[in-house]
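The next block is data-v4.cif, given as mmCIF, C-alpha atoms.
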```cif
data_coords
loop_
_atom_site.label_atom_id
_atom_site.label_comp_id
_atom_site.auth_asym_id
_atom_site.auth_seq_id
_atom_site.Cartn_x
_atom_site.Cartn_y
_atom_site.Cartn_z
CA MET A 1 41.21 -31.41 10.25
CA GLU A 2 41.18 -31.29 14.04
CA SER A 3 40.85 -27.90 15.71
CA ILE A 4 43.15 -26.62 18.44
CA GLY A 5 40.79 -27.69 21.21
CA GLN A 6 40.21 -31.13 19.70
CA LYS A 7 43.95 -31.78 19.36
CA LEU A 8 44.59 -30.83 22.99
CA MET A 9 41.68 -32.85 24.35
CA SER A 10 42.49 -35.93 22.24
CA ALA A 11 46.15 -35.90 23.30
CA ARG A 12 45.24 -35.45 26.97
CA GLU A 13 42.66 -38.24 26.95
CA ALA A 14 45.04 -40.56 25.10
CA LEU A 15 47.58 -40.05 27.88
CA GLY A 16 44.94 -40.56 30.56
CA TYR A 17 45.58 -37.18 32.21
CA SER A 18 42.96 -35.09 33.98
CA ILE A 19 42.70 -31.30 33.78
CA GLU A 20 43.33 -31.11 37.54
CA GLN A 21 46.56 -33.12 37.29
CA ILE A 22 47.92 -30.99 34.46
CA ALA A 23 47.00 -27.79 36.29
CA ARG A 24 49.05 -28.93 39.30
CA GLU A 25 52.08 -29.94 37.27
CA THR A 26 52.19 -26.98 34.84
CA ASN A 27 51.02 -24.22 37.21
CA ILE A 28 48.46 -23.22 34.58
CA ALA A 29 45.07 -22.56 36.16
CA LYS A 30 42.41 -25.19 35.48
CA SER A 31 40.10 -22.53 34.04
CA TYR A 32 42.69 -21.61 31.38
CA LEU A 33 43.34 -25.24 30.40
CA THR A 34 39.61 -25.77 30.01
CA ALA A 35 39.34 -22.56 27.98
CA LEU A 36 42.09 -23.74 25.60
CA GLU A 37 40.28 -27.03 24.96
CA ALA A 38 36.99 -25.16 24.45
CA GLU A 39 38.76 -22.54 22.28
CA ASP A 40 37.29 -19.89 24.56
CA PHE A 41 40.07 -17.38 23.98
CA GLU A 42 38.03 -14.48 25.35
CA SER A 43 38.63 -15.88 28.84
CA PHE A 44 42.33 -14.91 28.71
CA PRO A 45 43.62 -11.50 29.82
CA GLY A 46 45.64 -11.09 26.62
CA GLU A 47 47.35 -12.61 23.59
CA THR A 48 50.61 -13.20 25.47
CA TYR A 49 48.85 -15.48 27.93
CA ILE A 50 47.10 -17.44 25.18
CA LEU A 51 50.31 -18.12 23.25
CA GLY A 52 52.39 -18.85 26.35
CA PHE A 53 49.86 -21.27 27.85
CA LEU A 54 49.20 -22.89 24.47
CA ARG A 55 52.93 -23.58 24.06
CA ASN A 56 53.28 -24.97 27.58
CA TYR A 57 50.18 -27.15 27.36
CA SER A 58 51.18 -28.50 23.94
CA GLU A 59 54.72 -29.32 25.05
CA TYR A 60 53.40 -31.05 28.18
CA LEU A 61 51.17 -33.27 26.01
CA GLY A 62 53.96 -33.99 23.51
CA ILE A 63 52.40 -31.93 20.70
CA GLU A 64 54.55 -29.69 18.48
CA SER A 65 53.98 -26.30 20.10
CA GLU A 66 54.85 -24.15 17.06
CA GLU A 67 52.32 -26.06 14.97
CA MET A 68 49.62 -25.27 17.53
CA VAL A 69 50.62 -21.61 17.62
CA SER A 70 50.42 -21.48 13.80
CA LEU A 71 46.95 -23.04 13.92
CA TYR A 72 45.85 -20.38 16.39
CA LYS A 73 47.27 -17.51 14.31
CA ASN A 74 45.66 -18.86 11.13
CA MET A 75 42.35 -19.09 12.94
CA LYS A 76 42.67 -15.46 14.07
CA ILE A 77 43.42 -14.32 10.51
CA GLN A 78 40.30 -16.10 9.23
CA GLU A 79 38.25 -14.19 11.80
CA GLN A 80 39.30 -10.82 10.35
CA PRO A 81 36.57 -8.49 8.89
CA VAL A 82 35.20 -9.01 5.37
CA PRO A 83 37.31 -7.74 2.40
CA MET A 84 37.30 -4.03 1.66
CA GLU A 85 35.76 -4.36 -1.83
CA GLU A 86 32.64 -5.98 -0.36
CA LEU A 87 32.16 -2.98 1.88
CA PHE A 88 32.12 -0.59 -1.08
CA GLU A 89 29.77 -2.52 -3.39
CA LYS A 90 26.68 -1.15 -1.64
CA ARG A 91 27.96 2.45 -1.37
CA ARG A 92 28.72 3.40 -4.99
CA SER A 93 27.51 6.96 -4.51
CA VAL A 94 30.10 7.87 -1.91
CA SER A 95 32.00 11.05 -2.80
CA SER A 96 35.54 10.71 -4.15
CA GLY A 97 36.99 12.73 -1.25
CA LEU A 98 35.41 10.46 1.33
CA VAL A 99 36.63 7.38 -0.58
CA ILE A 100 40.20 8.70 -0.47
CA ILE A 101 39.97 9.31 3.29
CA ILE A 102 38.60 5.81 3.86
CA LEU A 103 41.31 4.23 1.69
CA VAL A 104 44.05 6.08 3.58
CA ALA A 105 42.57 4.97 6.92
CA LEU A 106 42.34 1.36 5.76
CA GLY A 107 45.91 1.54 4.47
CA LEU A 108 47.13 2.69 7.89
CA ALA A 109 45.13 -0.09 9.55
CA ALA A 110 46.66 -2.68 7.22
CA ALA A 111 50.16 -1.37 7.93
CA GLY A 112 49.39 -1.54 11.62
CA TYR A 113 48.22 -5.14 11.28
CA PHE A 114 51.27 -6.38 9.37
CA TYR A 115 53.85 -4.41 11.35
CA ILE A 116 52.50 -3.74 14.83
CA TYR A 117 50.42 -6.90 15.34
CA PRO A 118 53.29 -9.42 14.76
CA ARG A 119 55.60 -7.30 16.92
CA PHE A 120 53.23 -6.91 19.86
CA PHE A 121 51.19 -10.12 19.72
CA SER A 122 53.69 -12.79 18.72
CA GLY A 123 54.72 -15.56 21.09
CA ASP A 124 57.86 -13.58 21.92
CA ARG A 125 55.99 -10.48 22.94
CA PRO A 126 57.70 -8.89 25.98
CA VAL A 127 55.73 -8.73 29.18
CA LYS A 128 56.33 -5.00 29.38
CA GLN A 129 54.18 -4.62 26.23
CA ALA A 130 51.36 -6.71 27.70
CA VAL A 131 49.96 -3.80 29.70
CA ALA A 132 46.43 -4.46 30.94
CA GLU A 133 45.08 -6.35 27.89
CA ALA A 134 41.76 -6.69 29.65
CA ALA A 135 40.44 -3.63 31.45
CA GLU A 136 39.32 -5.68 34.41
CA GLU A 137 42.82 -7.09 34.87
CA LYS A 138 44.71 -3.74 34.96
CA ALA A 139 47.88 -5.75 35.60
CA GLU A 140 50.45 -3.33 34.19
CA ILE A 141 53.87 -4.91 33.91
CA LYS A 142 56.88 -2.73 33.25
CA SER A 143 60.50 -2.94 32.09
CA ARG A 144 62.38 -6.18 31.40
CA ASP A 145 61.69 -8.37 28.40
CA VAL A 146 60.33 -11.75 29.53
CA VAL A 147 57.71 -14.11 28.16
CA ILE A 148 55.07 -15.31 30.63
CA ARG A 149 55.28 -19.11 30.69
CA SER A 150 52.62 -19.84 33.31
CA LEU A 151 50.22 -17.95 35.56
CA PHE A 152 49.72 -18.90 39.21
CA GLU A 153 46.56 -17.56 40.83
CA PHE A 154 47.34 -16.52 44.40
CA SER A 155 43.99 -17.26 46.06
CA ASP A 156 45.15 -18.26 49.57
CA GLU A 157 46.66 -16.22 52.37
CA VAL A 158 50.09 -17.87 52.05
CA VAL A 159 51.99 -19.72 49.34
CA GLU A 160 55.54 -21.02 49.23
CA LYS A 161 56.74 -22.97 46.21
CA ARG A 162 59.39 -23.14 43.53
CA PHE A 163 58.71 -20.70 40.71
CA ARG A 164 60.52 -20.64 37.38
CA LYS A 165 61.68 -17.81 35.16
CA GLY A 166 58.67 -16.44 33.32
CA ASP A 167 56.15 -17.52 35.95
CA ALA A 168 53.62 -14.86 36.90
CA VAL A 169 51.76 -14.71 40.21
CA SER A 170 48.33 -13.12 39.85
CA VAL A 171 47.17 -11.35 43.03
CA ARG A 172 43.58 -10.10 43.21
CA ILE A 173 42.92 -6.93 45.15
CA ASP A 174 39.35 -5.57 45.16
CA ASP A 175 38.49 -7.84 42.19
CA VAL A 176 41.40 -6.51 40.13
CA ALA A 177 44.32 -8.80 39.22
CA TYR A 178 47.92 -7.61 39.53
CA ASN A 179 50.88 -9.67 38.32
CA LEU A 180 54.25 -10.29 39.95
CA VAL A 181 56.59 -11.88 37.36
CA LEU A 182 59.88 -13.69 37.97
CA ALA A 183 61.88 -12.02 35.22
CA GLU A 184 65.51 -13.08 35.63
CA ILE A 185 67.91 -15.06 37.83
CA THR A 186 71.58 -14.09 37.92
CA ASP A 187 73.41 -13.36 41.18
CA LYS A 188 70.06 -11.89 42.25
CA VAL A 189 66.44 -12.63 41.42
CA ALA A 190 64.65 -9.92 39.46
CA PHE A 191 60.89 -9.38 39.50
CA ILE A 192 58.65 -7.00 37.60
CA HIS A 193 55.33 -5.79 38.95
CA PRO A 194 52.78 -3.04 38.25
CA GLN A 195 54.82 -0.37 40.05
CA GLY A 196 58.23 -1.20 38.58
CA GLU A 197 61.14 -3.61 39.13
CA LEU A 198 62.59 -5.40 42.13
CA GLU A 199 65.84 -7.31 42.74
CA MET A 200 66.31 -9.59 45.75
CA THR A 201 68.94 -11.89 47.23
CA ALA A 202 68.30 -15.04 49.27
CA GLY A 203 66.82 -14.32 52.69
CA GLU A 204 65.57 -10.85 51.82
CA GLU A 205 61.93 -9.82 52.10
CA VAL A 206 60.02 -6.87 50.74
CA LEU A 207 56.52 -5.41 51.11
CA LEU A 208 54.89 -4.66 47.76
CA ASP A 209 52.19 -2.11 47.01
CA LEU A 210 50.74 -3.62 43.83
CA ASN A 211 47.80 -1.30 43.25
CA GLY A 212 49.64 1.94 44.04
CA ASP A 213 47.40 3.06 46.90
CA GLY A 214 50.32 3.63 49.26
CA SER A 215 49.69 0.54 51.43
CA PRO A 216 51.55 -2.80 51.11
CA ASP A 217 49.43 -5.62 49.70
CA ILE A 218 51.74 -8.65 49.92
CA ARG A 219 54.98 -9.68 51.57
CA VAL A 220 57.55 -11.45 49.36
CA LEU A 221 60.37 -13.48 50.88
CA LEU A 222 63.03 -15.02 48.65
CA ARG A 223 63.86 -18.32 50.36
CA SER A 224 66.58 -19.71 48.11
CA PHE A 225 67.91 -19.89 44.56
CA LYS A 226 71.03 -20.86 42.66
CA ALA A 227 72.74 -18.17 40.57
CA GLY A 228 72.18 -18.72 36.87
CA SER A 229 69.44 -21.32 37.39
CA ASP A 230 65.88 -21.03 36.10
CA SER A 231 63.99 -21.30 39.40
CA ALA A 232 63.74 -19.95 42.95
CA VAL A 233 61.80 -20.80 46.11
CA ILE A 234 59.56 -17.86 46.94
CA HIS A 235 57.26 -17.23 49.91
CA ILE A 236 54.33 -14.83 49.40
CA ASP A 237 51.76 -13.91 52.02
CA ARG A 238 49.24 -11.22 52.88
CA PHE A 239 50.54 -10.79 56.46
CA VAL A 240 51.95 -7.30 55.95
CA GLN A 241 50.82 -5.42 59.05
CA ALA A 242 53.41 -6.86 61.44
CA SER A 243 56.31 -6.54 59.00
CA SER A 244 58.35 -3.44 58.41
CA GLN A 245 56.18 -0.67 57.02
CA SER A 246 58.93 0.21 54.62
CA ALA A 247 59.14 -1.32 51.16
CA ASN A 248 62.85 -1.88 51.60
CA PRO A 249 64.18 -5.43 51.97
CA VAL A 250 64.30 -6.64 55.57
CA ALA A 251 66.91 -9.07 56.81
CA ARG A 252 65.49 -12.15 58.54
CA ASP A 253 67.80 -13.94 60.94
CA SER A 254 65.82 -15.93 63.47
CA GLU A 255 64.04 -19.23 62.96
CA HIS A 256 60.85 -17.70 64.31
CA ALA A 257 60.94 -14.84 61.78
CA GLU A 258 61.22 -17.20 58.82
CA THR A 259 57.76 -18.65 59.33
CA PRO A 260 54.61 -17.08 57.86
CA GLU A 261 53.44 -16.57 61.43
CA ALA A 262 55.81 -13.61 61.67
CA ALA A 263 52.69 -11.47 61.27
CA VAL A 264 51.84 -12.27 64.90
CA PRO A 265 53.19 -9.76 67.42
CA SER A 266 56.52 -10.80 68.95
CA SER A 267 54.89 -11.09 72.37
CA ALA A 268 53.05 -14.24 71.23
CA ALA A 269 54.84 -17.30 72.58
CA VAL A 270 55.01 -20.84 71.22
CA GLY A 271 51.51 -22.26 71.51
CA GLU A 272 49.90 -18.82 71.85
CA ALA A 273 48.20 -16.94 69.00
CA GLY A 274 48.35 -13.20 68.61
CA ALA A 275 44.81 -13.25 67.13
CA GLN A 276 41.87 -15.34 68.31
CA SER A 277 41.00 -16.39 64.76
CA ARG A 278 44.35 -18.17 64.44
CA VAL A 279 44.12 -20.28 67.58
CA VAL A 280 44.91 -23.99 67.14
CA LYS A 281 44.48 -26.12 70.25
CA PRO A 282 47.33 -28.43 71.37
CA THR A 283 46.76 -32.16 70.86
CA VAL A 284 47.79 -34.79 73.39
CA ILE A 285 49.48 -37.68 71.61
CA ARG A 286 50.22 -39.81 74.70
CA SER A 287 50.77 -39.64 78.48
CA ALA A 288 53.54 -41.15 80.59
CA ALA A 289 55.00 -40.98 84.10
CA ARG A 290 58.20 -39.53 82.66
CA PRO A 291 59.37 -38.26 79.25
CA GLU A 292 60.34 -41.01 76.83
CA SER A 293 61.94 -41.03 73.42
CA PHE A 294 59.49 -41.03 70.51
CA THR A 295 59.58 -41.65 66.75
CA LEU A 296 58.15 -39.47 64.01
CA ASN A 297 57.28 -41.16 60.70
CA VAL A 298 56.24 -39.16 57.63
CA ILE A 299 54.99 -40.32 54.22
CA PHE A 300 54.93 -37.68 51.48
CA ARG A 301 51.99 -37.71 49.08
CA GLY A 302 53.27 -34.78 47.05
CA TYR A 303 56.06 -32.24 46.61
CA CYS A 304 56.82 -30.52 49.92
CA PHE A 305 59.48 -28.41 51.64
CA PHE A 306 60.16 -29.89 55.09
CA ARG A 307 62.25 -28.33 57.88
CA TYR A 308 62.87 -29.95 61.27
CA HIS A 309 64.84 -29.31 64.46
CA SER A 310 65.21 -32.18 66.92
CA ASP A 311 66.30 -31.72 70.56
CA ASN A 312 69.64 -29.90 70.48
CA SER A 313 70.60 -30.84 66.93
CA VAL A 314 71.21 -28.43 64.06
CA ARG A 315 68.14 -27.42 62.09
CA GLU A 316 67.87 -29.31 58.79
CA GLU A 317 65.67 -28.90 55.74
CA ARG A 318 65.09 -30.38 52.29
CA TYR A 319 62.53 -30.94 49.57
CA PHE A 320 60.63 -34.22 49.47
CA HIS A 321 58.79 -35.73 46.53
CA LYS A 322 55.73 -37.96 46.28
CA GLY A 323 56.40 -41.46 47.64
CA GLU A 324 59.38 -40.51 49.82
CA THR A 325 59.41 -41.24 53.55
CA PHE A 326 61.09 -39.68 56.58
CA ARG A 327 61.84 -41.08 60.05
CA LEU A 328 63.19 -39.23 63.08
CA ASN A 329 63.86 -40.26 66.69
CA ALA A 330 63.79 -37.64 69.46
CA ASP A 331 64.06 -37.53 73.25
CA SER A 332 62.23 -34.36 74.23
CA GLU A 333 61.13 -32.13 71.34
CA VAL A 334 60.86 -31.88 67.55
CA ARG A 335 59.93 -28.65 65.82
CA LEU A 336 58.52 -28.93 62.29
CA TRP A 337 57.96 -26.45 59.49
CA VAL A 338 55.99 -27.73 56.45
CA SER A 339 55.25 -25.82 53.22
CA ASN A 340 52.20 -27.93 52.31
CA ALA A 341 50.66 -29.81 55.24
CA GLY A 342 48.26 -31.66 52.97
CA ALA A 343 51.13 -33.25 51.04
CA LEU A 344 52.09 -35.62 53.86
CA SER A 345 50.74 -37.96 56.50
CA SER A 346 52.49 -38.16 59.89
CA LYS A 347 52.54 -40.49 62.86
CA VAL A 348 54.22 -40.34 66.26
CA ASN A 349 54.71 -43.80 67.77
CA GLY A 350 51.96 -45.07 65.47
CA VAL A 351 49.47 -42.32 66.37
CA ASP A 352 48.25 -40.09 63.51
CA ILE A 353 48.91 -36.38 63.96
CA ASP A 354 47.25 -33.59 61.99
CA LEU A 355 49.63 -30.91 60.73
CA GLY A 356 47.06 -29.07 58.59
CA GLY A 357 45.25 -29.10 55.28
CA SER A 358 46.22 -28.99 51.62
CA GLY A 359 48.26 -25.93 50.68
CA GLU A 360 48.57 -24.86 54.32
CA ILE A 361 51.93 -23.78 55.71
CA SER A 362 52.23 -25.40 59.13
CA THR A 363 54.63 -24.91 62.03
CA ARG A 364 54.27 -27.36 64.93
CA SER A 365 56.24 -28.56 67.93
CA ILE A 366 56.04 -32.10 69.31
CA LYS A 367 57.27 -32.07 72.91
CA TRP A 368 56.79 -33.37 76.44
CA ILE A 369 54.84 -31.05 78.77
CA TYR A 370 54.19 -31.67 82.48
CA ASN A 371 50.49 -31.64 83.45
CA GLU A 372 50.09 -30.60 87.10
CA GLU A 373 46.44 -31.72 87.18
CA ASN A 374 47.20 -35.41 86.68
CA SER A 375 50.90 -35.35 87.63
CA ASN A 376 51.81 -36.92 84.28
CA TYR A 377 53.89 -35.87 81.34
CA GLU A 378 52.03 -35.42 78.06
CA LEU A 379 53.54 -35.64 74.60
CA GLN A 380 51.71 -32.81 72.83
CA LEU A 381 51.44 -31.45 69.30
CA VAL A 382 51.64 -27.70 69.91
CA PRO A 383 51.19 -24.91 67.32
CA VAL A 384 54.07 -22.48 66.88
CA TYR A 385 52.87 -18.95 66.09
#
```

Show the structure stored in the file as structure tokens.
Amino acid sequence: MESIGQKLMSAREALGYSIEQIARETNIAKSYLTALEAEDFESFPGETYILGFLRNYSEYLGIESEEMVSLYKNMKIQEQPVPMEELFEKRRSVSSGLVIIILVALGLAAAGYFYIYPRFFSGDRPVKQAVAEAAEEKAEIKSRDVVIRSLFEFSDEVVEKRFRKGDAVSVRIDDVAYNLVLAEITDKVAFIHPQGELEMTAGEEVLLDLNGDGSPDIRVLLRSFKAGSDSAVIHIDRFVQASSQSANPVARDSEHAETPEAAVPSSAAVGEAGAQSRVVKPTVIRSAARPESFTLNVIFRGYCFFRYHSDNSVREERYFHKGETFRLNADSEVRLWVSNAGALSSKVNGVDIDLGGSGEISTRSIKWIYNEENSNYELQLVPVY
């Protein structure tokens, strides 16, 4: 009979999928997928994560998830300690009083196993009961009942993507992981985190102190969601110093404030960085005696949120999927905002332009600028900070 790991690996290989591909599409970290196939269950922060990821991985591969969960639970039962009678065979001289005490203790342990274990470690175990399963995680999650469906490891400075109900974002602070969980979506979006609960509406942002040291650790901005749906677009970054020092939601009205570069002081202009480490030099695309219309062509290699503002037109935005294309004509300027610069390739009048790397949130302006040194106009790709 195939083991859990063998079933998962065989199904994945039969479908021709790689671990990396599945990690991208399920939002389950590669290390956890590998651990499931290797049956290395000690690598998980708790039972809830094992059962949730095992269900998701099985369903993705077309395997009956409840069958896999049953296999796992049976395996855990078989790993229980040796029977009680075997323990007493070698200790026949133990006093009757001590035997009674031991029997009572074992009876309480058995009751705990059959009553408490199924209640706290089943696949439906609430997140609020999954408090710091591993000491090194210390990711206490309070209130609301919600099952963690996938865990996203926040390893970059900025992330913006669509999260679903039950998704947890793991944020490491001083080598300790803290979880922010999307718990519920009604007319608001509810989150649970180590310090309590949070409800937000579209356009609101909040600074969160995850480790309880009195200083904000991350900034959360709820981009958009549909009431009653199962997902929301959420922006998370570590740029907390330039935001409000209060943990109360902050309204965000301007186009400039909606970008992750809002951490830069307001005195920084377009094309100027508030910190030297963030400087990106403008790129000259072409030169001409006078400004001319130009064409932007984009090919999307993956899922990406794309916002653009051309000349004096109204700002527009939408989500693009792998294989889609976009074309835009402009006379003087186009401003772009991209959630994942590595998910697209762009050209202006046939010239490749670099908007950034994979996973990078990029804000750029393509516009004509007069160069006094050569008395020409230059079409430049300019960073927007």

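Using the PyMOL selection byres ((chain A and resi 366-383) around 6) on the file at hand returns these residues: Gly271, Pro282, Thr283, Val284, Ile285, Arg286, Ser287, Ala288, Ala289, Arg290, Ser332, Glu333, Val334, Arg364, Ser365 and Val384 of chain A.
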
Exercise. How far is it from atom CA of Tyr57 of chain A to atom CA of Arg162 of chain A, in Å with one decimal?
Worked result: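 Interatomic distance, atom CA of Tyr57 of chain A to atom CA of Arg162 of chain A: 19.0 Å.
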
For this session: In Å, rounded to a single decimal, give me how far atom CA of Arg301 of chain A is from atom CA of Ala343 of chain A.
Result: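 Going from atom CA of Ala343 of chain A over to atom CA of Arg301 of chain A covers 4.9 Å.
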
For this session: Please evaluate the PyMOL selection byres ((chain A and resi 356) around 10) against the displayed coordinates and give the resulting residues as a PyMOL selection string.
Result: chain A and resi 338+340-345+353-355+357-364

Problem set entry | Selection near Ser150 of chain A, 9 Å with all atoms listed in the file, sequence-local residues under 5 positions removed, as a list in words | Thr26, Asn27, Ile28, Ala29, Tyr49, Gly52, Phe53, Asn56, Arg164, Gly166, Asp167, Ala168 and Val169 of chain A

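Nearest residue to Ala23 of chain A among A:Leu151, A:Ala330, A:Ile77, A:Leu8 is A:Leu151, counting all atoms listed in the file.
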
Just want the 12 Å neighbourhood of Ser31 of chain A, counted on all atoms listed in the file, with same-chain residues fewer than 6 positions away dropped. Output as a compact mmCIF listing (two decimals) with C-alpha atoms, in the coordinates of the input.
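The result, written out as part.txt:
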```
# COMPACT_ATOMS: atom_id res chain seq x y z
CA ILE A 19 42.70 -31.30 33.78
CA GLU A 20 43.33 -31.11 37.54
CA ILE A 22 47.92 -30.99 34.46
CA ALA A 23 47.00 -27.79 36.29
CA GLU A 37 40.28 -27.03 24.96
CA ALA A 38 36.99 -25.16 24.45
CA GLU A 39 38.76 -22.54 22.28
CA ASP A 40 37.29 -19.89 24.56
CA PHE A 41 40.07 -17.38 23.98
CA SER A 43 38.63 -15.88 28.84
CA PHE A 44 42.33 -14.91 28.71
CA PHE A 53 49.86 -21.27 27.85
CA LEU A 151 50.22 -17.95 35.56
CA PHE A 152 49.72 -18.90 39.21
CA GLU A 153 46.56 -17.56 40.83
```

For this session: Determine the residue set returned by the PyMOL selection byres ((chain A and resi 157) around 6) for the present structure, and present it as an MDAnalysis selection string.
Result: chainID A and resid 156 158 237:238

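Ranking A:Tyr303, A:Lys226, A:Glu66, A:Pro45 by their shortest atom-to-atom distance to Ala177 of chain A, with all atoms listed in the file included, puts A:Pro45 first.
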
For this session: Kindly give the distance, in Å, that separates atom CA of Tyr60 of chain A and atom CA of His235 of chain A, rounded to a single decimal.
Result: 26.0 Å

For this session: For Asn179 of chain A, work out the shell of residues within 7 Å, counting all atoms listed in the file and skipping chain neighbours fewer than 4 positions away, then give it as a ChimeraX atom specification.
Result: /A:139,168-171,193-194

For this session: Go through A:Ile185, A:Ile148, A:Leu336, A:Ile4 one by one, measure the shortest atom-to-atom distance of each to Glu317 of chain A using all atoms listed in the file, and give the residue with the smallest value.
Result: A:Leu336

Exercise. Got a sec: who's within 12 Å of Ser313 of chain A, counting all atoms listed in the file, leaving out chain neighbours fewer than 2 positions off, as a list in words?
Worked result: Tyr308, His309, Ser310, Asp311, Arg315, Glu316, Leu328, Asn329, Ala330, Asp331, Ser332, Glu333, Val334 and Arg335 of chain A

Could you pull the residues within 7 Å of Leu221 of chain A, counting all atoms listed in the file, minus those fewer than 3 positions along the same chain, as an mmCIF file with C-alpha atoms, in the coordinates of the input?
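So the final result, stored in around.cif, reads:
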```cif
data_model
loop_
_atom_site.group_PDB
_atom_site.id
_atom_site.type_symbol
_atom_site.label_atom_id
_atom_site.label_comp_id
_atom_site.auth_asym_id
_atom_site.auth_seq_id
_atom_site.Cartn_x
_atom_site.Cartn_y
_atom_site.Cartn_z
ATOM 1 C CA GLY A 203 66.820 -14.320 52.690
ATOM 2 C CA GLU A 204 65.570 -10.850 51.820
ATOM 3 C CA GLU A 205 61.930 -9.820 52.100
ATOM 4 C CA VAL A 206 60.020 -6.870 50.740
ATOM 5 C CA ILE A 234 59.560 -17.860 46.940
ATOM 6 C CA HIS A 235 57.260 -17.230 49.910
ATOM 7 C CA ILE A 236 54.330 -14.830 49.400
#
```

Centre, edges in Å (one decimal): axis-aligned box, segment 12-23 of chain A, 4 Å padding on all six sides, as lines of an AutoDock Vina configuration file:
```
center_x = 45.3
center_y = -34.2
center_z = 31.3
size_x = 13.3
size_y = 20.8
size_z = 20.4
```
